[in-house]
Amino acid sequence: MISVLNACTPALLALAAATAWAVRRGNGQAEDGTARRAAEAALRDSERRHRIALQHLPGATVGLYDLDLRCLLLEGAHLQSAGIDGAAMVGRHVSEIVPADLLAATQHILASALAGDEDSVETLLAASGQTVVAQSAPVRAPDGSIEGIVVVSRDVTEQRLAERAGREAERRFEIAFDRAPIGMALIGVDASVERVNAALAAITGRSAAELSALRHEELLHPDDEELAAEAFASLLADDGMATELRIVHADGHPVWVALRATIVRDEEGTPVHVLVQVQDITERRSLEDRLRHLADHDALTGLLNRRGIDRALSQHVARGRRYGAEGALLVLDLDGFKAVNDSLGHAAGDELIVTCALALKNRLRETDILARLGGDEFAVLLPAEGEAEAHLVAEKIVALIREVGGVTVSVGVTPFGDEPTPTSALDRADMAMYAAKQAGRDRYEFTPGPLRATA
C-alpha cells in the first residue's frame, strides 16, 4: 500500500477502504436481526471513526473508486473550503469530480492501479496555481483480485514553494561563493575541504584539488603557526574568529591575509561545516609597514628620526630602571654646515648629510642606534658601553667626520643613570655638545650622568 505523502498510513487507507466497501456491498449481514444490527452498528461506528480520520488529514483528499471509476468515498479536510460536498460525489464518475487540468493525470494513475500497480503524478493547476500530487493503488479482495482503487491527493504548493526558495537560496549562495572577490572555503567538521572558490585558488597559487589534499600546517607561514592556533581556539570557543597572518604561496613567497572563520550549524545546533573567508592584504600590510617606517625614519638618510630615537630611548630607560642603567648617549652637530648650504646650495648640503650618515652607519656597530634629530644634528645610542668605550667612540666619530671633508663635528657625550625621563639624557648630551662647540669645535665633551640611586 502507498505511503500517502506522509499524511496518512497505508493501514488507515486499507481500513477506510474496507469499511466503505463493506457498507457498499452489504457485508456484515447476520442470520438473525440482533447479530445483523450489531454488525451494522459496528460498521457504522468503524466508518464514522475512519471518516473523521480521513476528514482531518492535513491537506489531503482520499477517494475510493470502483472498477468503473465511480466514486465510493471522497473525504478530506480541504473539501469544505473548496466548496465540494464529498458525500454528493459518491456514485459519480471520476471525470465529474476531478478538475479538468488534473483529469488526464488522474486517469493515467487510475489505469496503473487497475493494472495492479501503484503510481503517482504531480500537476500544477493553472486556475489556482496550486501544485497537487496524486497517488493511486489498487484495493484487493481477500482472494487477491482487484475490486477498486484508492487515490490520495495532496496540495504540496507550500512545500514546493519552500523547496524552490531553498534551491534559489542555495543557487544565490553558490553564485556569491564562486564569484566572491575574496577567497572562500567550506571546511567540513572533519577538517576536509568541501569547496573552494577561484579567488582562494588565486591567493594561494593552488588548485581546489591541491588545497583539498593540503594540510593547513603546510599552508601557514612557520612564524604564524602559534597565532593561527590561538585564532582557531577562539573559533571553537566563540563560533567565529578573525585574525591576520601569513600563508605560503605555491611559489614560496609569503602572503599576508585577513582570515575570518565562522562555524555554520544546522537547525538543531550541530556544526556542519566552517565557512572561511580569506582576503589578500599583502599590499595593505606593505603600505602600513612603509608608513610606520616613514613615521620613525628620516626621509633623506633612512636613519631613525627624532620620534624613532625617542622611542628607542624610552625603551632603554625603562630597561635601565628595571635591570640597572648602562650605556651612553652621544649628540653630534656638524660644524660649518650652514656655510656649505649657503655657498653650494641645499642639494650639496643634503648630499653632505647623506655622506656623513652613511659614514657613521658603516663605522658604528649593529647594536648601536643612529638617528638624525633634524638638520645637521645626529644622535647615537650606545646601549651597553661604559664610559671608557663612550669616550673611544666619540673620539672615532670626530676623526671620521674630519676625514669625510668639508666639515667637522662637535660631539656631546653623557652616560645613562637613573633617568627620570628619556629627555633628560638628551638634554645633558645636547649641553655637552654645545660645550664642545664653545671649546673650539671638532672635538667632543663628556658630561657625567645623574647620580645613581643607592639602596
# chains A, B, ... in the order shown; residues from 1 in each chain; ligands from 1
>>> residues_around(residues="Met431 of chain A", least_positions_apart="6", cutoff="10 Å", atoms="only C-alpha atoms", output="list in words")
Val331, Val411, Gly412, Val413, Thr414, Ala425, Lys437, Glu445, Phe446 and Thr447 of chain A
>>> residues_around(residues="Val90 of chain A", least_positions_apart="6", cutoff="12 Å", atoms="only C-alpha atoms", output="number ranges by chain")
A: 20, 24, 63-66, 69-75, 84, 96-97
>>> write_last_selection(atoms="C-alpha atoms", output="PDB file, in the first residue's frame")
ATOM      1  CA  ALA A  20     -16.578   1.744   2.843  1.00  0.00           C
ATOM      2  CA  ARG A  24     -21.388  -0.572  -0.101  1.00  0.00           C
ATOM      3  CA  GLY A  63     -11.001   8.956  -2.891  1.00  0.00           C
ATOM      4  CA  LEU A  64     -12.204   5.371  -3.325  1.00  0.00           C
ATOM      5  CA  TYR A  65     -13.377   4.242  -6.785  1.00  0.00           C
ATOM      6  CA  ASP A  66     -14.877   1.054  -8.142  1.00  0.00           C
ATOM      7  CA  LEU A  69     -14.137   4.588 -11.871  1.00  0.00           C
ATOM      8  CA  ARG A  70     -17.202   5.694  -9.961  1.00  0.00           C
ATOM      9  CA  CYS A  71     -16.722   7.265  -6.544  1.00  0.00           C
ATOM     10  CA  LEU A  72     -17.476   5.161  -3.478  1.00  0.00           C
ATOM     11  CA  LEU A  73     -15.872   7.517  -0.920  1.00  0.00           C
ATOM     12  CA  LEU A  74     -14.453  11.053  -1.038  1.00  0.00           C
ATOM     13  CA  GLU A  75     -13.123  12.625   2.141  1.00  0.00           C
ATOM     14  CA  ILE A  84     -17.085  20.368  -2.510  1.00  0.00           C
ATOM     15  CA  GLU A  96     -17.196  14.570 -12.924  1.00  0.00           C
ATOM     16  CA  ILE A  97     -15.100  15.051  -9.787  1.00  0.00           C
TER      17      ILE A  97
END
>>> closest_residue(among="A:Asp85, A:Arg365, A:His391, A:Leu125", to="Leu103 of chain A", atoms="only C-alpha atoms")
A:Leu125
>>> select_by_dssp(residues="segment 129-159 of chain A", states="strand (DSSP E or B)", output="count of residues only")
20
>>> closest_residue(among="A:Ala209, A:Val354, A:Leu186, A:Ile309", to="Ala295 of chain A", atoms="only C-alpha atoms")
A:Ile309
>>> residues_around(residues="segment 190-206 of chain A", least_positions_apart="4", cutoff="7 Å", atoms="only C-alpha atoms", output="PDB file with N, CA and C atoms, in the first residue's frame")
ATOM      1  N   PHE A 177      29.415  32.642  -3.568  1.00  0.00           N
ATOM      2  CA  PHE A 177      30.613  31.926  -3.131  1.00  0.00           C
ATOM      3  C   PHE A 177      31.633  31.852  -4.260  1.00  0.00           C
ATOM      4  N   ASP A 178      31.187  31.378  -5.412  1.00  0.00           N
ATOM      5  CA  ASP A 178      32.117  31.137  -6.517  1.00  0.00           C
ATOM      6  C   ASP A 178      32.661  32.429  -7.110  1.00  0.00           C
ATOM      7  N   PRO A 181      34.968  38.196  -4.637  1.00  0.00           N
ATOM      8  CA  PRO A 181      36.312  38.707  -4.927  1.00  0.00           C
ATOM      9  C   PRO A 181      37.341  38.320  -3.868  1.00  0.00           C
ATOM     10  N   ILE A 182      36.885  37.753  -2.746  1.00  0.00           N
ATOM     11  CA  ILE A 182      37.810  37.277  -1.720  1.00  0.00           C
ATOM     12  C   ILE A 182      37.774  35.759  -1.701  1.00  0.00           C
ATOM     13  N   GLY A 183      38.825  35.168  -1.179  1.00  0.00           N
ATOM     14  CA  GLY A 183      38.893  33.711  -1.114  1.00  0.00           C
ATOM     15  C   GLY A 183      37.895  33.155  -0.121  1.00  0.00           C
ATOM     16  N   MET A 184      37.243  32.057  -0.493  1.00  0.00           N
ATOM     17  CA  MET A 184      36.275  31.419   0.386  1.00  0.00           C
ATOM     18  C   MET A 184      36.445  29.913   0.326  1.00  0.00           C
ATOM     19  N   ALA A 185      36.180  29.275   1.466  1.00  0.00           N
ATOM     20  CA  ALA A 185      36.262  27.816   1.539  1.00  0.00           C
ATOM     21  C   ALA A 185      35.232  27.305   2.533  1.00  0.00           C
ATOM     22  N   LEU A 186      34.705  26.131   2.234  1.00  0.00           N
ATOM     23  CA  LEU A 186      33.850  25.415   3.174  1.00  0.00           C
ATOM     24  C   LEU A 186      34.652  24.226   3.685  1.00  0.00           C
ATOM     25  N   GLU A 210      44.479  20.626  -5.096  1.00  0.00           N
ATOM     26  CA  GLU A 210      45.704  20.744  -4.300  1.00  0.00           C
ATOM     27  C   GLU A 210      45.390  21.228  -2.884  1.00  0.00           C
ATOM     28  N   LEU A 211      44.468  22.192  -2.775  1.00  0.00           N
ATOM     29  CA  LEU A 211      44.087  22.685  -1.455  1.00  0.00           C
ATOM     30  C   LEU A 211      43.407  21.597  -0.634  1.00  0.00           C
ATOM     31  N   SER A 212      42.611  20.757  -1.296  1.00  0.00           N
ATOM     32  CA  SER A 212      41.910  19.682  -0.600  1.00  0.00           C
ATOM     33  C   SER A 212      42.890  18.668  -0.026  1.00  0.00           C
ATOM     34  N   HIS A 249      52.531  31.013  -0.394  1.00  0.00           N
ATOM     35  CA  HIS A 249      52.089  30.809  -1.769  1.00  0.00           C
ATOM     36  C   HIS A 249      52.779  29.581  -2.350  1.00  0.00           C
ATOM     37  N   ALA A 250      52.176  29.029  -3.385  1.00  0.00           N
ATOM     38  CA  ALA A 250      52.745  27.827  -4.001  1.00  0.00           C
ATOM     39  C   ALA A 250      54.179  28.038  -4.469  1.00  0.00           C
ATOM     40  N   VAL A 278      39.025  34.539   3.143  1.00  0.00           N
ATOM     41  CA  VAL A 278      40.439  34.903   3.095  1.00  0.00           C
ATOM     42  C   VAL A 278      40.624  36.065   2.135  1.00  0.00           C
ATOM     43  N   ASP A 280      43.460  38.814   0.568  1.00  0.00           N
ATOM     44  CA  ASP A 280      44.873  39.145   0.400  1.00  0.00           C
ATOM     45  C   ASP A 280      45.093  40.598   0.821  1.00  0.00           C
TER      46      ASP A 280
END
>>> closest_residue(among="A:Ala379, A:Ala384, A:Ala371, A:Ala141", to="Asp333 of chain A", atoms="only C-alpha atoms")
A:Ala379
>>> select_by_dssp(residues="segment 190-296 of chain A", states="helix (DSSP H, G or I)", output="PyMOL selection string")
chain A and resi 198-204+208-213+216-219+222-238+282-296
>>> write_last_selection(atoms="N, CA and C atoms", output="short mmCIF file (atom, residue, chain, number, x, y, z; two decimals), in the first residue's frame")
data_model
loop_
_atom_site.label_atom_id
_atom_site.label_comp_id
_atom_site.auth_asym_id
_atom_site.auth_seq_id
_atom_site.Cartn_x
_atom_site.Cartn_y
_atom_site.Cartn_z
N ALA A 198 37.46 30.37 -6.81
CA ALA A 198 38.59 30.72 -7.68
C ALA A 198 39.51 31.75 -7.01
N ALA A 199 38.91 32.67 -6.22
CA ALA A 199 39.73 33.70 -5.58
C ALA A 199 40.72 33.09 -4.59
N LEU A 200 40.30 32.07 -3.85
CA LEU A 200 41.21 31.42 -2.90
C LEU A 200 42.31 30.68 -3.64
N ALA A 201 41.96 30.05 -4.75
CA ALA A 201 42.97 29.37 -5.56
C ALA A 201 44.02 30.37 -6.04
N ALA A 202 43.57 31.57 -6.43
CA ALA A 202 44.50 32.59 -6.92
C ALA A 202 45.39 33.10 -5.79
N ILE A 203 44.82 33.30 -4.61
CA ILE A 203 45.59 33.81 -3.48
C ILE A 203 46.69 32.84 -3.08
N THR A 204 46.37 31.56 -3.09
CA THR A 204 47.32 30.54 -2.63
C THR A 204 48.19 29.99 -3.74
N ALA A 208 41.89 23.77 -6.50
CA ALA A 208 40.99 23.24 -5.47
C ALA A 208 41.43 21.85 -5.04
N ALA A 209 41.86 21.04 -5.99
CA ALA A 209 42.31 19.68 -5.66
C ALA A 209 43.56 19.72 -4.78
N GLU A 210 44.48 20.63 -5.10
CA GLU A 210 45.70 20.74 -4.30
C GLU A 210 45.39 21.23 -2.88
N LEU A 211 44.47 22.19 -2.77
CA LEU A 211 44.09 22.69 -1.45
C LEU A 211 43.41 21.60 -0.63
N SER A 212 42.61 20.76 -1.30
CA SER A 212 41.91 19.68 -0.60
C SER A 212 42.89 18.67 -0.03
N ALA A 213 44.00 18.47 -0.72
CA ALA A 213 44.98 17.47 -0.29
C ALA A 213 46.02 18.04 0.68
N HIS A 216 46.58 22.06 6.69
CA HIS A 216 46.61 23.50 6.91
C HIS A 216 47.98 23.96 7.43
N GLU A 217 48.70 23.08 8.12
CA GLU A 217 50.03 23.45 8.59
C GLU A 217 50.97 23.74 7.42
N GLU A 218 50.75 23.07 6.31
CA GLU A 218 51.62 23.28 5.15
C GLU A 218 51.33 24.62 4.46
N LEU A 219 50.15 25.17 4.72
CA LEU A 219 49.77 26.44 4.10
C LEU A 219 50.20 27.63 4.94
N PRO A 222 55.54 29.46 8.86
CA PRO A 222 56.01 28.87 10.12
C PRO A 222 55.98 29.83 11.30
N ASP A 223 56.26 31.11 11.05
CA ASP A 223 56.30 32.08 12.14
C ASP A 223 54.91 32.42 12.68
N ASP A 224 53.86 32.02 11.96
CA ASP A 224 52.50 32.39 12.37
C ASP A 224 51.68 31.18 12.84
N GLU A 225 52.31 30.04 13.01
CA GLU A 225 51.57 28.84 13.42
C GLU A 225 50.95 29.01 14.81
N GLU A 226 51.69 29.64 15.74
CA GLU A 226 51.15 29.84 17.09
C GLU A 226 49.97 30.80 17.04
N LEU A 227 50.08 31.85 16.23
CA LEU A 227 48.98 32.81 16.08
C LEU A 227 47.74 32.11 15.52
N ALA A 228 47.95 31.24 14.54
CA ALA A 228 46.83 30.51 13.94
C ALA A 228 46.18 29.58 14.96
N ALA A 229 46.98 28.93 15.79
CA ALA A 229 46.45 28.03 16.81
C ALA A 229 45.57 28.80 17.79
N GLU A 230 46.00 29.99 18.19
CA GLU A 230 45.20 30.82 19.11
C GLU A 230 43.89 31.23 18.43
N ALA A 231 43.96 31.57 17.14
CA ALA A 231 42.76 32.01 16.42
C ALA A 231 41.75 30.89 16.31
N PHE A 232 42.21 29.69 16.01
CA PHE A 232 41.28 28.57 15.85
C PHE A 232 40.74 28.09 17.20
N ALA A 233 41.48 28.31 18.26
CA ALA A 233 40.95 28.05 19.59
C ALA A 233 39.80 29.00 19.88
N SER A 234 39.93 30.24 19.44
CA SER A 234 38.86 31.22 19.59
C SER A 234 37.65 30.82 18.76
N LEU A 235 37.88 30.24 17.59
CA LEU A 235 36.78 29.78 16.74
C LEU A 235 35.94 28.73 17.47
N LEU A 236 36.58 27.79 18.10
CA LEU A 236 35.86 26.72 18.80
C LEU A 236 35.11 27.27 20.01
N ALA A 237 35.67 28.30 20.64
CA ALA A 237 35.03 28.85 21.83
C ALA A 237 33.89 29.80 21.50
N ASP A 238 34.02 30.56 20.42
CA ASP A 238 33.07 31.64 20.13
C ASP A 238 32.29 31.44 18.83
N THR A 282 48.34 41.77 1.46
CA THR A 282 49.78 41.97 1.36
C THR A 282 50.12 43.41 1.02
N GLU A 283 49.40 43.98 0.06
CA GLU A 283 49.68 45.35 -0.35
C GLU A 283 49.39 46.33 0.79
N ARG A 284 48.28 46.08 1.51
CA ARG A 284 47.94 46.96 2.62
C ARG A 284 48.97 46.88 3.73
N ARG A 285 49.41 45.65 4.05
CA ARG A 285 50.41 45.48 5.09
C ARG A 285 51.73 46.14 4.68
N SER A 286 52.08 46.01 3.40
CA SER A 286 53.30 46.62 2.91
C SER A 286 53.23 48.14 3.04
N LEU A 287 52.04 48.69 2.69
CA LEU A 287 51.86 50.14 2.82
C LEU A 287 51.93 50.56 4.28
N GLU A 288 51.31 49.79 5.17
CA GLU A 288 51.37 50.11 6.60
C GLU A 288 52.80 50.06 7.11
N ASP A 289 53.54 49.06 6.65
CA ASP A 289 54.95 48.96 7.06
C ASP A 289 55.74 50.18 6.60
N ARG A 290 55.46 50.60 5.35
CA ARG A 290 56.16 51.78 4.82
C ARG A 290 55.79 53.03 5.60
N LEU A 291 54.50 53.14 5.93
CA LEU A 291 54.06 54.31 6.70
C LEU A 291 54.68 54.32 8.09
N ARG A 292 54.72 53.14 8.72
CA ARG A 292 55.36 53.06 10.04
C ARG A 292 56.84 53.41 9.94
N HIS A 293 57.47 52.93 8.88
CA HIS A 293 58.90 53.24 8.68
C HIS A 293 59.09 54.74 8.51
N LEU A 294 58.22 55.36 7.69
CA LEU A 294 58.35 56.80 7.46
C LEU A 294 58.08 57.59 8.74
N ALA A 295 57.19 57.08 9.57
CA ALA A 295 56.87 57.79 10.82
C ALA A 295 58.05 57.82 11.77
N ASP A 296 58.91 56.80 11.70
CA ASP A 296 60.03 56.68 12.64
C ASP A 296 61.39 56.92 11.99
#
>>> atom_distance(atom1="atom CA of Glu326 of chain A", atom2="atom CA of Asp430 of chain A")
18.7 Å
